[in-house]
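J.: Here it is: the structure, laid out below.
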Amino acid sequence: KAGVTQTPRYLIKTRGQQVTLSCSPISGHRSVSWYQQTPGQGLQFLFEYFSETQRNKGNFPGRFSGRQFSNSRSEMNVSTLELGDSALYLCASSLGGGIQNEQFFGPGTRLTVL
Amino acid sequence: AQRVTQPEKLLSVFKGAPVELKCNYSYSGSPELFWYVQYSRQRLQLLLRHISRESIKGFTADLNKGETSFHLKKPFAQEEDSAMYYCALLSGGSYIPTFGRGTSLIVHP
């Protein structure tokens with residue numbers, strides 16, 4: 001079974017731009033969660049999608065948004081990028097959703113905002 | 001608000017020594033607690049969860065509600081245990097996890 005894949009793996013953007021990250025879950029998994037990982041704040045939950053619906057949302061500004069497609073692939077969008085958005089963005093998929101059901105993580109997308 | 005504290009950023013031990021990675025949480029209800037591990041150049045993965053009460057790779061963790069702790073322990077550390085360890089909490093009725101900042105464990109030969 002193929003694992004969770006994320007594209008692109010690395011991205012460099014400038015302040016004010018927007019960016020879209022993609023996550024393909026393990027086949028059969030209907031839940032995709034997104035996390036931001038930074039040295040200062042650690043791992044923080046962004047949001048979770050289950051069957052194309054956002055089920056949970058962390059404490060991030062509205063510039064961070066996402067969606068999920070019928071094939072369970074998910075995209076995350078960040079608009080009006082700020083320097084502080086530089087981070088490793090991880091997605092994780094699971095059958096039932098949430099960390100209460102075992103999540104499988106992708107390799108991450110490293111976003112650098114200049 | 002719920003919080004997870006891992007007081008040590010770095011823990012360095014020798015092979016064969018006991019290891020304890022500390023995790024303290026603040027939450028008044030009944031939490032679910034997890035330990036995640038990330039080995040070098042590998043993906044973040046679940047190590048264990050308190051409700052399963054199992055030992056994984058020789059690691060155990062007991063939820064102590066009185067001390068609000070969920071420390072991860074292993075009696076004899078191995079070099080392959082060197083990794084980044086994250087403690088995570090899920091509060092009752094919430095599906096939004098809170099993670100600690102992580103502890104880097106280095107096991108010297």
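Numbering starts fresh at 1 for the residues of each chain in the structure tokens, the chains themselves are lettered A, B, ... in the order given, and ligands are numbered from 1 as they appear.
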Within 12 Å of chain B, which residues belong to chain A? Use only C-alpha atoms and report them as an MDAnalysis selection string.

T.: chainID A and resid 3:6 33:49 54:59 90:94 96:108

J.: If we count only C-alpha atoms and set the cut-off at 10 Å, which residues sit around Gly29 in chain B, ignoring sequence neighbours fewer than 6 positions away in its own chain? Please answer as number ranges by chain.

T.: B: 2, 65, 91-93

J.: May I have the residues within 9 Å of Ser70 in chain A as JSON, numbers by chain, using only C-alpha atoms and disregarding those fewer than 2 positions away in the same chain?

T.: {"A": [51, 52, 68, 72, 73]}

J.: Counting only C-alpha atoms, which of B:Val37, B:Lys22, B:Ala77, B:Phe14 gets nearest to Ala61 in chain B?

T.: B:Lys22

J.: Which residues in range 17-108 of chain B does DSSP call strand (DSSP E)? List them as number ranges by chain.

T.: B: 19-21, 24-26, 32-38, 45-49, 60-61, 72-74, 83-90, 98-99, 103-108

J.: Counting only C-alpha atoms, what is within 12 Å of Gln78 in chain B, bar same-chain residues fewer than 2 positions away, as a PyMOL selection string?

T.: chain B and resi 12-19+57-59+74-76+80-83+105-109

J.: My list of candidates is A:Thr20, A:Ser27, A:Thr7, A:Thr14. Which is closest to Asn71 in chain A when distances are computed with only C-alpha atoms?

T.: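 Selected residue with least distance to Asn71 in chain A: A:Ser27.
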
J.: List every residue of range 23-88 of chain B that DSSP, applied to the backbone, labels as helix (DSSP H, G or I), and write the result as a PyMOL selection string.

T.: chain B and resi 50-52+79-81

J.: Take the residues from that selection and put them in a file with C-alpha atoms, as a PDB file, in the first residue's frame.

T.:
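Everything below was put into result.pdb:
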ATOM      1  CA  HIS B  50      -2.552   5.287  26.770  1.00  0.00           C
ATOM      2  CA  ILE B  51      -5.852   3.524  26.212  1.00  0.00           C
ATOM      3  CA  SER B  52      -4.129   0.547  24.612  1.00  0.00           C
ATOM      4  CA  GLU B  79      20.899   3.216  19.893  1.00  0.00           C
ATOM      5  CA  GLU B  80      18.000   2.769  17.497  1.00  0.00           C
ATOM      6  CA  ASP B  81      15.764   4.580  19.991  1.00  0.00           C
TER       7      ASP B  81
END

J.: Grab the CA of Thr5 in chain B to CA of Glu20 in chain B distance for me, in Å with one decimal place.

T.: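 Taking CA of Thr5 in chain B and CA of Glu20 in chain B, their separation equals 14.3 Å.
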
J.: Name all residues at most 9 Å from Tyr27 in chain B (count only C-alpha atoms; drop same-chain ones fewer than 2 positions away) and give them as JSON, numbers by chain.

T.: {"B": [1, 2, 3, 4, 25, 29, 30, 31, 68, 91]}

J.: Please measure the separation of CA of Lys73 in chain B and CA of Thr60 in chain B, giving the value in Å to one decimal.

T.: 5.4 Å
